[in-house]
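Q: Data: structure01.cif, mmCIF, C-alpha atoms.
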data_data
loop_
_atom_site.label_atom_id
_atom_site.label_comp_id
_atom_site.auth_asym_id
_atom_site.auth_seq_id
_atom_site.Cartn_x
_atom_site.Cartn_y
_atom_site.Cartn_z
CA MET A 295 187.75 128.58 88.67
CA ASP A 296 190.25 127.61 85.96
CA PHE A 297 189.60 128.89 82.44
CA THR A 298 192.72 127.35 80.88
CA LEU A 299 192.98 124.13 78.91
CA THR A 300 194.70 121.17 80.53
CA ASP A 301 198.07 120.12 79.15
CA GLU A 302 196.41 117.18 77.41
CA GLN A 303 193.71 119.37 75.86
CA ARG A 304 196.27 121.92 74.68
CA MET A 305 198.41 119.20 73.10
CA PHE A 306 195.35 117.77 71.35
CA TYR A 307 194.30 121.20 70.07
CA GLU A 308 197.80 121.93 68.78
CA SER A 309 198.04 118.56 67.04
CA VAL A 310 194.72 119.16 65.24
CA GLN A 311 195.85 122.68 64.35
CA LYS A 312 199.00 121.25 62.80
CA PHE A 313 196.99 118.70 60.81
CA ALA A 314 194.53 121.36 59.58
CA ARG A 315 197.23 123.81 58.52
CA LYS A 316 199.11 121.13 56.64
CA GLU A 317 196.21 119.24 55.04
CA LEU A 318 193.33 121.70 54.77
CA ALA A 319 194.37 125.36 54.86
CA GLY A 320 195.71 125.36 51.31
CA GLY A 321 192.36 124.64 49.65
CA ALA A 322 190.18 126.69 52.00
CA ALA A 323 189.11 129.37 49.48
CA GLU A 324 188.25 126.78 46.81
CA ARG A 325 186.16 124.72 49.21
CA ALA A 326 184.33 127.84 50.38
CA ILE A 327 182.89 128.43 46.90
CA SER A 328 182.37 124.79 45.93
CA HIS A 329 178.88 123.31 46.01
CA GLN A 330 180.20 119.76 46.29
CA PHE A 331 180.51 117.97 49.60
CA PRO A 332 184.27 117.53 50.32
CA TRP A 333 184.38 113.75 50.74
CA ASP A 334 188.17 113.82 50.55
CA VAL A 335 188.26 116.04 53.64
CA ALA A 336 185.83 113.73 55.45
CA GLU A 337 188.10 110.74 54.90
CA LYS A 338 191.19 112.69 55.97
CA CYS A 339 189.42 113.77 59.16
CA ALA A 340 188.34 110.18 59.81
CA GLN A 341 191.92 108.94 59.39
CA ALA A 342 193.07 111.65 61.81
CA GLY A 343 190.58 110.45 64.44
CA LEU A 344 188.41 113.57 64.25
CA LEU A 345 185.06 111.85 63.61
CA GLY A 346 183.17 110.14 66.41
CA ILE A 347 185.26 111.81 69.11
CA THR A 348 182.51 111.46 71.73
CA VAL A 349 181.31 108.07 70.49
CA PRO A 350 182.39 105.25 72.87
CA GLU A 351 185.34 103.15 71.76
CA LYS A 352 183.22 99.99 71.87
CA ASP A 353 181.07 101.52 69.10
CA GLY A 354 184.05 102.46 66.94
CA GLY A 355 184.52 105.99 68.23
CA VAL A 356 187.35 107.72 70.05
CA GLY A 357 185.73 107.85 73.50
CA GLY A 358 186.66 111.48 74.10
CA THR A 359 184.79 114.35 75.71
CA LEU A 360 182.50 117.09 74.46
CA VAL A 361 185.32 119.58 75.03
CA ASP A 362 187.62 117.47 72.83
CA ALA A 363 185.08 117.59 70.00
CA ILE A 364 184.69 121.36 70.33
CA LEU A 365 188.46 121.88 70.26
CA ALA A 366 188.73 119.72 67.13
CA ILE A 367 186.01 121.68 65.33
CA GLN A 368 187.62 124.98 66.21
CA ALA A 369 191.17 123.97 65.29
CA VAL A 370 189.98 122.80 61.87
CA ALA A 371 187.54 125.67 61.21
CA GLU A 372 190.14 128.31 62.01
CA ALA A 373 192.30 126.89 59.21
CA CYS A 374 189.51 125.99 56.76
CA PRO A 375 185.97 127.14 57.62
CA ARG A 376 184.26 124.66 55.29
CA SER A 377 186.19 121.72 56.74
CA GLY A 378 184.97 122.60 60.22
CA ASP A 379 181.54 121.48 59.00
CA ILE A 380 182.93 118.00 58.35
CA VAL A 381 184.12 117.63 61.93
CA GLN A 382 180.75 118.96 63.09
CA ALA A 383 178.86 116.38 61.01
CA GLY A 384 180.99 113.58 62.41
CA ASN A 385 180.47 114.54 66.06
CA PHE A 386 177.33 116.61 66.57
CA GLY A 387 173.79 116.80 65.25
CA PRO A 388 172.00 113.63 64.14
CA ILE A 389 175.06 111.39 64.50
CA ARG A 390 175.30 112.30 68.18
CA THR A 391 171.58 111.66 68.77
CA PHE A 392 171.91 108.39 66.87
CA SER A 393 174.92 107.17 68.85
CA GLU A 394 173.20 108.12 72.12
CA PHE A 395 169.93 106.24 71.54
CA ALA A 396 170.50 103.65 68.79
CA THR A 397 170.37 99.93 69.46
CA GLU A 398 173.53 97.85 69.19
CA GLU A 399 172.24 96.41 65.91
CA GLN A 400 171.58 99.88 64.49
CA LYS A 401 175.05 101.06 65.50
CA ALA A 402 176.67 98.03 63.88
CA ARG A 403 174.80 98.73 60.63
CA PHE A 404 175.40 102.43 60.26
CA LEU A 405 178.24 103.76 62.42
CA PRO A 406 181.18 102.20 60.49
CA GLY A 407 180.42 104.12 57.29
CA LEU A 408 179.61 107.33 59.14
CA LEU A 409 182.78 107.27 61.24
CA ALA A 410 184.93 106.44 58.22
CA GLY A 411 183.83 109.64 56.47
CA LYS A 412 182.25 107.66 53.64
CA GLU A 413 178.60 108.28 54.52
CA LEU A 414 176.42 111.01 56.05
CA ILE A 415 173.36 111.10 58.26
CA SER A 416 170.87 113.96 57.88
CA LEU A 417 168.17 115.21 60.24
CA GLY A 418 164.57 115.31 59.06
CA MET A 419 163.00 117.70 61.56
CA THR A 420 161.72 120.89 59.91
CA GLU A 421 158.49 120.77 57.90
CA PRO A 422 156.71 123.39 55.77
CA ASP A 423 154.42 124.21 58.74
CA ALA A 424 156.71 123.21 61.62
CA GLY A 425 159.93 125.21 61.99
CA SER A 426 160.64 126.80 65.36
CA ALA A 427 157.35 125.24 66.51
CA VAL A 428 158.75 121.79 65.88
CA THR A 429 156.10 120.09 68.04
CA GLU A 430 153.56 120.96 65.35
CA LEU A 431 155.12 118.46 62.96
CA ALA A 432 152.63 116.41 60.96
CA THR A 433 154.73 113.58 59.50
CA SER A 434 152.97 110.48 60.80
CA VAL A 435 153.67 106.82 61.47
CA THR A 436 151.20 103.96 61.40
CA GLU A 437 152.05 100.45 62.50
CA ASP A 438 151.51 97.51 60.18
CA GLY A 439 152.73 94.27 61.70
CA ASP A 440 156.52 94.30 61.76
CA ASP A 441 156.64 97.46 59.64
CA LEU A 442 156.14 101.18 60.15
CA ILE A 443 154.54 103.29 57.42
CA ILE A 444 155.52 106.95 57.22
CA ASN A 445 153.70 109.81 55.48
CA GLY A 446 154.80 113.43 55.40
CA SER A 447 157.57 115.74 54.22
CA LYS A 448 160.70 117.47 55.52
CA ILE A 449 162.66 120.53 54.40
CA PHE A 450 165.93 122.39 55.12
CA GLY A 451 167.87 119.31 56.21
CA THR A 452 171.63 119.85 56.25
CA HIS A 453 173.38 117.27 54.02
CA SER A 454 170.00 115.91 52.87
CA SER A 455 171.24 115.91 49.26
CA GLU A 456 174.23 113.69 50.06
CA ALA A 457 173.05 111.59 53.01
CA ARG A 458 172.54 107.84 52.97
CA LEU A 459 170.61 107.82 56.26
CA PHE A 460 167.91 110.12 57.62
CA LEU A 461 166.95 110.53 61.28
CA VAL A 462 163.32 111.57 60.88
CA TYR A 463 161.11 113.09 63.57
CA VAL A 464 157.63 111.56 63.31
CA ARG A 465 154.29 111.58 65.06
CA PHE A 466 152.95 108.34 66.55
CA GLY A 467 150.04 110.09 68.24
CA SER A 468 148.75 113.44 69.43
CA GLY A 469 150.65 115.89 71.63
CA VAL A 470 154.31 116.15 72.50
CA ASP A 471 154.30 112.63 73.96
CA GLY A 472 153.24 111.29 70.59
CA ILE A 473 156.49 112.37 68.89
CA GLY A 474 159.44 110.05 68.30
CA SER A 475 161.93 109.25 65.56
CA VAL A 476 162.82 106.63 62.98
CA LEU A 477 165.72 105.83 60.67
CA VAL A 478 165.02 105.93 56.94
CA GLU A 479 167.63 104.78 54.45
CA LYS A 480 168.07 106.40 51.07
CA GLY A 481 166.52 104.19 48.40
CA THR A 482 163.68 103.00 50.62
CA PRO A 483 160.47 102.66 48.52
CA GLY A 484 158.19 105.59 49.26
CA LEU A 485 161.05 107.99 50.06
CA THR A 486 161.72 110.61 47.41
CA VAL A 487 164.67 112.98 47.77
CA GLY A 488 163.51 116.09 45.91
CA LYS A 489 165.33 118.56 43.72
CA SER A 490 168.23 120.19 45.52
CA SER A 491 168.32 123.87 46.45
CA ARG A 492 171.13 125.99 47.91
CA PHE A 493 171.46 127.89 51.11
CA MET A 494 173.16 131.29 51.00
CA ASN A 495 176.41 129.68 52.17
CA GLY A 496 176.45 127.40 49.10
CA GLU A 497 175.43 124.19 50.88
CA GLU A 498 172.76 122.14 49.15
CA TRP A 499 169.64 120.66 50.70
CA SER A 500 166.78 118.58 49.32
CA PRO A 501 163.19 118.18 50.49
CA LEU A 502 162.17 114.70 51.61
CA PHE A 503 158.81 113.28 50.58
CA LEU A 504 157.57 110.20 52.41
CA ASP A 505 154.58 108.61 50.69
CA ASN A 506 153.56 105.35 52.39
CA CYS A 507 157.25 104.85 53.06
CA ARG A 508 157.56 101.41 54.65
CA ILE A 509 160.46 100.67 56.98
CA PRO A 510 161.12 97.68 59.26
CA ARG A 511 160.38 98.10 62.97
CA LYS A 512 164.09 97.58 63.66
CA ASN A 513 164.59 101.11 62.23
CA LEU A 514 162.67 102.64 65.12
CA LEU A 515 165.01 104.93 67.09
CA LEU A 516 162.79 106.47 69.77
CA GLY A 517 159.08 105.72 69.87
CA ARG A 518 156.27 107.50 71.65
CA GLY A 519 157.54 109.80 74.36
CA GLY A 520 160.97 110.11 72.76
CA PHE A 521 160.74 113.79 71.86
CA LYS A 522 162.11 115.22 75.11
CA ARG A 523 165.13 112.91 75.03
CA GLN A 524 165.79 113.85 71.40
CA ILE A 525 165.61 117.56 72.15
CA ALA A 526 167.94 117.12 75.13
CA GLY A 527 170.42 115.55 72.71
CA PHE A 528 169.83 118.47 70.35
CA ASN A 529 171.57 120.75 72.86
CA ILE A 530 174.81 119.08 71.81
CA GLU A 531 174.05 120.04 68.21
CA ARG A 532 173.74 123.64 69.38
CA LEU A 533 177.17 123.54 70.97
CA GLY A 534 178.63 122.27 67.69
CA ASN A 535 176.95 125.18 65.93
CA SER A 536 178.35 127.55 68.57
CA ALA A 537 181.89 126.17 68.26
CA ARG A 538 181.92 126.73 64.50
CA ALA A 539 180.44 130.22 64.79
CA VAL A 540 183.22 131.40 67.08
CA ALA A 541 185.94 129.60 65.10
CA VAL A 542 184.76 130.94 61.75
CA GLY A 543 184.47 134.42 63.25
CA ARG A 544 188.02 134.06 64.53
CA HIS A 545 189.18 132.92 61.08
CA ALA A 546 187.73 136.13 59.61
CA PHE A 547 189.24 138.16 62.46
CA ASN A 548 192.70 136.74 61.70
CA LEU A 549 192.35 137.51 57.99
CA ALA A 550 191.38 141.10 58.77
CA ARG A 551 194.18 141.44 61.33
CA GLU A 552 196.81 140.35 58.79
CA HIS A 553 195.29 142.70 56.23
CA ALA A 554 195.33 145.63 58.65
CA MET A 555 199.00 145.06 59.50
CA THR A 556 200.18 144.82 55.88
CA ARG A 557 197.81 147.01 53.86
CA LYS A 558 198.70 150.72 53.68
CA GLN A 559 196.53 153.71 52.86
CA PHE A 560 197.50 157.39 53.11
CA GLY A 561 201.05 156.24 53.79
CA ARG A 562 200.17 154.30 56.98
CA PRO A 563 199.27 150.69 57.83
CA LEU A 564 195.53 150.31 58.37
CA CYS A 565 196.10 149.15 61.96
CA GLU A 566 197.28 152.65 62.88
CA PHE A 567 193.83 154.14 62.27
CA GLN A 568 191.89 154.38 65.52
CA GLY A 569 188.56 153.66 63.83
CA LEU A 570 189.83 150.21 62.82
CA GLN A 571 191.56 149.62 66.15
CA TRP A 572 188.21 149.94 67.89
CA LYS A 573 186.65 147.45 65.51
CA PHE A 574 189.30 144.89 66.43
CA ALA A 575 188.83 145.60 70.13
CA ASP A 576 185.08 144.99 69.84
CA MET A 577 185.61 141.79 67.84
CA ALA A 578 188.18 140.43 70.29
CA VAL A 579 185.99 141.05 73.35
CA ARG A 580 182.90 139.47 71.77
CA LEU A 581 184.75 136.40 70.52
CA GLU A 582 186.52 135.80 73.83
CA GLY A 583 183.33 136.27 75.85
CA ALA A 584 181.39 133.89 73.59
CA GLN A 585 184.16 131.29 73.83
CA LEU A 586 183.97 131.36 77.62
CA LEU A 587 180.20 130.75 77.59
CA LEU A 588 180.71 127.90 75.13
CA MET A 589 183.36 126.23 77.28
CA ARG A 590 181.26 126.67 80.42
CA ALA A 591 178.36 124.82 78.81
CA ALA A 592 180.64 122.04 77.55
CA VAL A 593 182.59 121.58 80.79
CA SER A 594 179.42 121.64 82.92
CA ALA A 595 177.99 118.84 80.78
CA GLY A 596 180.93 116.55 81.49
CA ASN A 597 180.17 113.28 79.69
CA GLY A 598 176.43 113.91 79.79
CA LEU A 599 174.05 116.28 78.01
CA PRO A 600 174.56 120.05 78.38
CA SER A 601 172.16 122.33 80.22
CA ALA A 602 169.46 123.83 78.00
CA GLN A 603 169.93 127.25 79.63
CA GLU A 604 173.74 127.32 79.36
CA THR A 605 173.51 126.00 75.80
CA ALA A 606 171.04 128.71 74.77
CA MET A 607 173.27 131.44 76.23
CA ALA A 608 176.35 129.99 74.54
CA LYS A 609 174.73 129.66 71.13
CA LEU A 610 173.26 133.16 71.23
CA ALA A 611 176.60 134.70 72.21
CA CYS A 612 178.63 132.63 69.72
CA ASN A 613 176.26 133.23 66.81
CA GLU A 614 176.22 136.97 67.35
CA ALA A 615 179.97 137.24 68.00
CA GLY A 616 180.88 135.12 64.97
CA TYR A 617 178.65 137.09 62.65
CA PHE A 618 179.79 140.42 64.07
CA ALA A 619 183.46 139.52 63.56
CA ALA A 620 182.90 138.22 60.03
CA ASN A 621 180.88 141.28 59.04
CA GLU A 622 183.51 143.65 60.42
CA ALA A 623 186.29 141.68 58.74
CA VAL A 624 184.64 142.06 55.34
CA GLN A 625 184.29 145.80 55.92
CA ILE A 626 187.91 146.17 57.01
CA MET A 627 189.21 144.20 54.03
CA GLY A 628 187.07 146.12 51.55
CA GLY A 629 186.92 144.71 48.03
CA LEU A 630 189.22 141.82 48.91
CA GLY A 631 186.98 140.71 51.77
CA PHE A 632 183.93 140.87 49.49
CA SER A 633 185.66 138.81 46.81
CA GLU A 634 185.56 135.03 46.46
CA GLU A 635 189.36 135.18 46.42
CA SER A 636 189.09 135.47 50.20
CA THR A 637 187.27 133.26 52.71
CA ALA A 638 186.09 136.34 54.63
CA GLN A 639 182.89 136.62 52.59
CA TYR A 640 182.20 132.91 53.16
CA CYS A 641 182.57 133.43 56.91
CA LEU A 642 179.96 136.20 56.71
CA ARG A 643 177.50 134.00 54.82
CA ARG A 644 178.18 130.98 57.03
CA THR A 645 177.79 132.72 60.38
CA ARG A 646 174.59 134.39 59.22
CA GLY A 647 172.98 131.00 58.65
CA TRP A 648 173.80 129.78 62.14
CA MET A 649 171.68 132.58 63.60
CA ILE A 650 168.74 130.67 62.09
CA ALA A 651 169.79 127.01 62.13
CA GLY A 652 169.65 124.91 65.29
CA GLY A 653 167.33 127.33 67.05
CA SER A 654 167.03 130.93 65.91
CA ILE A 655 168.48 133.64 68.12
CA GLU A 656 164.93 134.81 68.91
CA ILE A 657 163.93 131.34 70.16
CA LEU A 658 167.13 131.25 72.22
CA LYS A 659 166.24 134.56 73.84
CA ASN A 660 162.84 133.15 74.74
CA ARG A 661 164.53 130.15 76.36
CA ILE A 662 166.99 132.33 78.27
CA ALA A 663 164.15 134.53 79.57
CA GLU A 664 162.40 131.42 80.88
CA GLY A 665 165.53 130.64 82.87
CA VAL A 666 165.68 134.19 84.19
CA PHE A 667 162.07 134.14 85.43
CA GLU A 668 162.06 130.40 86.25
CA ARG A 669 158.82 129.79 84.37
CA ARG A 670 157.65 128.78 80.92
CA PHE A 671 156.18 131.32 78.51
CA SER A 672 153.93 129.76 75.90
CA GLN A 673 154.37 131.25 72.42
CA ARG A 674 151.10 129.75 71.20
CA ALA A 675 148.06 131.87 70.48
CA GLU A 676 145.34 131.58 73.11
CA SER A 677 142.47 129.41 71.99
CA ARG A 678 139.27 131.36 71.61
CA PRO A 679 135.74 129.96 71.75
CA VAL A 680 134.13 129.59 68.35
CA ALA A 681 130.99 131.69 67.94
CA SER A 682 127.87 129.64 67.39
#
What would the structure in this file look like if it were written as structure tokens?
A:
Amino acid sequence: MDFTLTDEQRMFYESVQKFARKELAGGAAERAISHQFPWDVAEKCAQAGLLGITVPEKDGGVGGTLVDAILAIQAVAEACPRSGDIVQAGNFGPIRTFSEFATEEQKARFLPGLLAGKELISLGMTEPDAGSAVTELATSVTEDGDDLIINGSKIFGTHSSEARLFLVYVRFGSGVDGIGSVLVEKGTPGLTVGKSSRFMNGEEWSPLFLDNCRIPRKNLLLGRGGFKRQIAGFNIERLGNSARAVAVGRHAFNLAREHAMTRKQFGRPLCEFQGLQWKFADMAVRLEGAQLLLMRAAVSAGNGLPSAQETAMAKLACNEAGYFAANEAVQIMGGLGFSEESTAQYCLRRTRGWMIAGGSIEILKNRIAEGVFERRFSQRAESRPVAS
């Protein structure tokens, strides 16, 4: 079993590293505290061929592998944590689900702007009463001739404040088989993008309100019975989340390492204190172990969709390792790490969010346990007979 990158992969990673250090590292701290989406970074990444890496060339993408996309995210995020999100948005999440299942006409309409870094697609999945229990979503679709009419609401959508296009999970009928998805464009009558709010990491999101929102049938992505295929595609989103978590944790680790080698207290460099040495040892082991689980899931997927079990294990390990490293880095760096002058505090805030987004670590543990025991465990309350 070979755990090393191929020569081609290593050359690709090094070329992206070089690009990120030259074009993105300089403004990393400023971007980390900015609430504005960095459109300039998106266009630079597009010009460098870092968006649509796994999208087929015939659709305007690069035609690369899942491993290529992970390497690109990590090379960028290690230089500028906020910019890693741009590479994520251009390769994973709703854009990946869209490119996997969209019609040729839908791809021709929307992919050019998305792959050029000029537009964003946002996922409308979570609802006020449907978070981890996503199958309890209530946003509904009714058919009216050549149109579909949508009613419902969505919350917590990444990039929902800036997006032009929304991939919205909807209910065509009862049960899991009644769930599918549609494409809703910003500006469509009946769609209201609500007042923006901020996550702890500074990113903004807006609630979506769909009130008799009428879209053409050609905006149907996956109809009845599409939920399982969508969720299978969502495993790729989780690997993108995992890749950033490890990379951002490593960014914080490197900041703390440099600090420990140059900062002196009591007449000695910090790295000479055993208490700090052990912190670095723990961080290094967790980050390296998480990276191996991530690469296993990506390599096993090949050009297809990753295993749900391997993805859950990778995301859990990467989320916890990234957060652990960022938290320790802030502690090691003291006041500097806690200050907005450093990106260490941003890494702490960013990695904390990924323990919730894309499947909370508790949900992941449930999924891993199902793989261990080779059976499903329902999290739903047992139905009880109603007393007469």
Q: Could you name the residues that touch Leu504 of chain A at 7 Å or less, counting all atoms listed in the file, but leaving out those on the same chain fewer than 3 positions away, as a list in words?
A: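 Here the answer would be Ile444, Asn445, Gly446, Ser447, Gly484, Leu485, Thr486 and Cys507 of chain A.
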Q: Emit the selected residues as a compact mmCIF listing (two decimals), in the coordinates of the input, including C-alpha atoms.
A:
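Final output, out14.txt:
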# COMPACT_ATOMS: atom_id res chain seq x y z
CA ILE A 444 155.52 106.95 57.22
CA ASN A 445 153.70 109.81 55.48
CA GLY A 446 154.80 113.43 55.40
CA SER A 447 157.57 115.74 54.22
CA GLY A 484 158.19 105.59 49.26
CA LEU A 485 161.05 107.99 50.06
CA THR A 486 161.72 110.61 47.41
CA CYS A 507 157.25 104.85 53.06
Q: Please identify all polymer residues lying at most 8 Å from the point (180.0, 128.0, 70.5) (file coordinates), using all atoms listed in the file, and present the result as a list of chain:residue names.
A: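 Output: A:Arg532, A:Leu533, A:Gly534, A:Asn535, A:Ser536, A:Ala537, A:Arg538, A:Ala539, A:Val540, A:Ala584, A:Gln585, A:Leu587, A:Leu588, A:Met589, A:Ala608, A:Lys609, A:Ala611, A:Cys612, A:Asn613.
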Q: For the residues in the current selection, export C-alpha atoms as a short mmCIF file (atom, residue, chain, number, x, y, z; two decimals), in the frame of the given file.
A:
data_model
loop_
_atom_site.label_atom_id
_atom_site.label_comp_id
_atom_site.auth_asym_id
_atom_site.auth_seq_id
_atom_site.Cartn_x
_atom_site.Cartn_y
_atom_site.Cartn_z
CA ARG A 532 173.74 123.64 69.38
CA LEU A 533 177.17 123.54 70.97
CA GLY A 534 178.63 122.27 67.69
CA ASN A 535 176.95 125.18 65.93
CA SER A 536 178.35 127.55 68.57
CA ALA A 537 181.89 126.17 68.26
CA ARG A 538 181.92 126.73 64.50
CA ALA A 539 180.44 130.22 64.79
CA VAL A 540 183.22 131.40 67.08
CA ALA A 584 181.39 133.89 73.59
CA GLN A 585 184.16 131.29 73.83
CA LEU A 587 180.20 130.75 77.59
CA LEU A 588 180.71 127.90 75.13
CA MET A 589 183.36 126.23 77.28
CA ALA A 608 176.35 129.99 74.54
CA LYS A 609 174.73 129.66 71.13
CA ALA A 611 176.60 134.70 72.21
CA CYS A 612 178.63 132.63 69.72
CA ASN A 613 176.26 133.23 66.81
#
Q: Where does the PyMOL selection byres ((chain A and resi 494) around 10) land in this file, that is, which residues does it pick, as a PyMOL selection string?
A: chain A and resi 491-493+495-498+640+643-644+646-647
Q: Excluding segment 513-522 of chain A and residues on its chain fewer than 6 positions from it, collect all residues at most 7 Å away from it, counting all atoms listed in the file, and give them as a PDB file with C-alpha atoms, keeping the file's coordinate frame.
A:
ATOM      1  CA  PHE A 395     169.930 106.240  71.540  1.00  0.00           C
ATOM      2  CA  ALA A 396     170.500 103.650  68.790  1.00  0.00           C
ATOM      3  CA  PHE A 466     152.950 108.340  66.550  1.00  0.00           C
ATOM      4  CA  VAL A 470     154.310 116.150  72.500  1.00  0.00           C
ATOM      5  CA  ASP A 471     154.300 112.630  73.960  1.00  0.00           C
ATOM      6  CA  GLY A 472     153.240 111.290  70.590  1.00  0.00           C
ATOM      7  CA  ILE A 473     156.490 112.370  68.890  1.00  0.00           C
ATOM      8  CA  GLY A 474     159.440 110.050  68.300  1.00  0.00           C
ATOM      9  CA  SER A 475     161.930 109.250  65.560  1.00  0.00           C
ATOM     10  CA  VAL A 476     162.820 106.630  62.980  1.00  0.00           C
ATOM     11  CA  LEU A 477     165.720 105.830  60.670  1.00  0.00           C
TER      12      LEU A 477
END
Q: Decode the PyMOL selection byres ((chain A and resi 412) around 10) for the given file into explicit residues and return them as a list in words.
A: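 Given this file, the PyMOL selection byres ((chain A and resi 412) around 10) evaluates to Trp333, Asp334, Ala336, Glu337, Ala340, Pro406, Gly407, Leu408, Leu409, Ala410, Gly411, Glu413, Leu414 and Arg458 of chain A.
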Q: Report as a list in words all protein, DNA and RNA residues lying within 7 Å of segment 625-638 of chain A, evaluated on all atoms listed in the file, omitting residues in the same chain fewer than 6 positions from it.
A: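 Close residues of segment 625-638 of chain A: Ala323, Ala326, Ala546, Ala550 and His553 of chain A.
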Q: Write to file, as a JSON list (two decimals), in the coordinates of the input, the residues of the selection just made, with C-alpha atoms.
A:
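Output file part-v1.json follows:
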[["chain", "number", "residue", "atom", "x", "y", "z"],
["A", 323, "ALA", "CA", 189.11, 129.37, 49.48],
["A", 326, "ALA", "CA", 184.33, 127.84, 50.38],
["A", 546, "ALA", "CA", 187.73, 136.13, 59.61],
["A", 550, "ALA", "CA", 191.38, 141.10, 58.77],
["A", 553, "HIS", "CA", 195.29, 142.70, 56.23]]
Q: Go through A:Met305, A:Ala623, A:Ala369, A:Leu417 one by one, measure the shortest atom-to-atom distance of each to Ala383 of chain A using only C-alpha atoms, and give the residue with the smallest value.
A: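 Closest candidate: A:Leu417.
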Q: When the PyMOL selection byres ((chain A and resi 529) around 8) is applied to the structure above, which residues does it catch, written out as a PyMOL selection string?
A: chain A and resi 525-528+530-533+599-602+605
Q: Hey, can you check how far atom CA of Arg465 of chain A sits from atom CA of Arg674 of chain A?
A: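 A separation of 19.4 Å between them.
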Q: Expressed in Å to a single decimal, how great is the separation between atom CA of Pro350 of chain A and atom CA of Gln603 of chain A?
A: 26.2 Å
Q: Skipping near chain neighbours, those fewer than 2 positions away, what residues fall within 12 Å of Lys312 of chain A using all atoms listed in the file, listed as a PDB file with C-alpha atoms, in the frame of the given file?
A:
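Output saved as around-v5.pdb:
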ATOM      1  CA  MET A 305     198.410 119.200  73.100  1.00  0.00           C
ATOM      2  CA  PHE A 306     195.350 117.770  71.350  1.00  0.00           C
ATOM      3  CA  TYR A 307     194.300 121.200  70.070  1.00  0.00           C
ATOM      4  CA  GLU A 308     197.800 121.930  68.780  1.00  0.00           C
ATOM      5  CA  SER A 309     198.040 118.560  67.040  1.00  0.00           C
ATOM      6  CA  VAL A 310     194.720 119.160  65.240  1.00  0.00           C
ATOM      7  CA  ALA A 314     194.530 121.360  59.580  1.00  0.00           C
ATOM      8  CA  ARG A 315     197.230 123.810  58.520  1.00  0.00           C
ATOM      9  CA  LYS A 316     199.110 121.130  56.640  1.00  0.00           C
ATOM     10  CA  GLU A 317     196.210 119.240  55.040  1.00  0.00           C
ATOM     11  CA  LEU A 318     193.330 121.700  54.770  1.00  0.00           C
ATOM     12  CA  ALA A 319     194.370 125.360  54.860  1.00  0.00           C
ATOM     13  CA  ALA A 342     193.070 111.650  61.810  1.00  0.00           C
ATOM     14  CA  ALA A 366     188.730 119.720  67.130  1.00  0.00           C
ATOM     15  CA  ALA A 369     191.170 123.970  65.290  1.00  0.00           C
ATOM     16  CA  VAL A 370     189.980 122.800  61.870  1.00  0.00           C
ATOM     17  CA  GLU A 372     190.140 128.310  62.010  1.00  0.00           C
ATOM     18  CA  ALA A 373     192.300 126.890  59.210  1.00  0.00           C
TER      19      ALA A 373
END
Q: Which residues come within 8 Å of Gly543 of chain A, counting all atoms listed in the file, excluding same-chain residues fewer than 3 positions away, as a PyMOL selection string?
A: chain A and resi 539-540+546-547+581+615-620+641+645
Q: Grab the atom CA of Ser416 of chain A to atom CA of Ile347 of chain A distance for me, in Å with one decimal place.
A: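 Atom CA of Ile347 of chain A lies at a distance of 18.4 Å from atom CA of Ser416 of chain A.
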Q: Using all atoms listed in the file, pick whichever of A:Ala427, A:Gln382, A:Pro388, A:Ser393 has the shortest atom-to-atom distance to Val462 of chain A.
A: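 The answer is A:Pro388, which sits nearest to Val462 of chain A.
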Q: Smallest atom-to-atom distance to Glu437 of chain A: which of A:Arg670, A:Glu324, A:Leu344, A:Asn506, using all atoms listed in the file?
A: A:Asn506
Q: Between segment 536-615 of chain A and segment 353-364 of chain A, at 8 Å or less, what are the per-residue closest atom pairs and their distances in Å? Count all atoms listed in the file, order by chain and rising residue number, and return it as a Markdown table.
A:
| residue | atom | partner | partner_atom | distance |
| --- | --- | --- | --- | --- |
| A:Ala537 | CA | A:Ile364 | CA | 5.9 |
| A:Met589 | CA | A:Val361 | CA | 7.3 |
| A:Ala592 | CA | A:Val361 | CA | 5.9 |
| A:Val593 | CA | A:Val361 | CA | 6.7 |
| A:Ala595 | CA | A:Leu360 | CA | 8.0 |
| A:Gly596 | CA | A:Leu360 | CA | 7.2 |
| A:Asn597 | CA | A:Thr359 | CA | 6.2 |
Q: Nearest residue to Ser490 of chain A out of A:Leu345, A:Leu365, A:Leu461, A:Ile449, using all atoms listed in the file?
A: A:Ile449
Q: Centre and edge lengths of an axis-aligned box around all listed atoms of segment 377-389 of chain A, with 6 Å added on each side, are to be given in Å to one decimal, as lines of an AutoDock Vina configuration file.
A:
center_x = 179.1
center_y = 117.0
center_z = 61.7
size_x = 26.2
size_y = 23.2
size_z = 21.8
Q: Hey, which of A:Glu479, A:Asp440, A:Glu421, A:Glu351 ends up closest to Gln400 of chain A? Count all atoms listed in the file.
A: A:Glu479
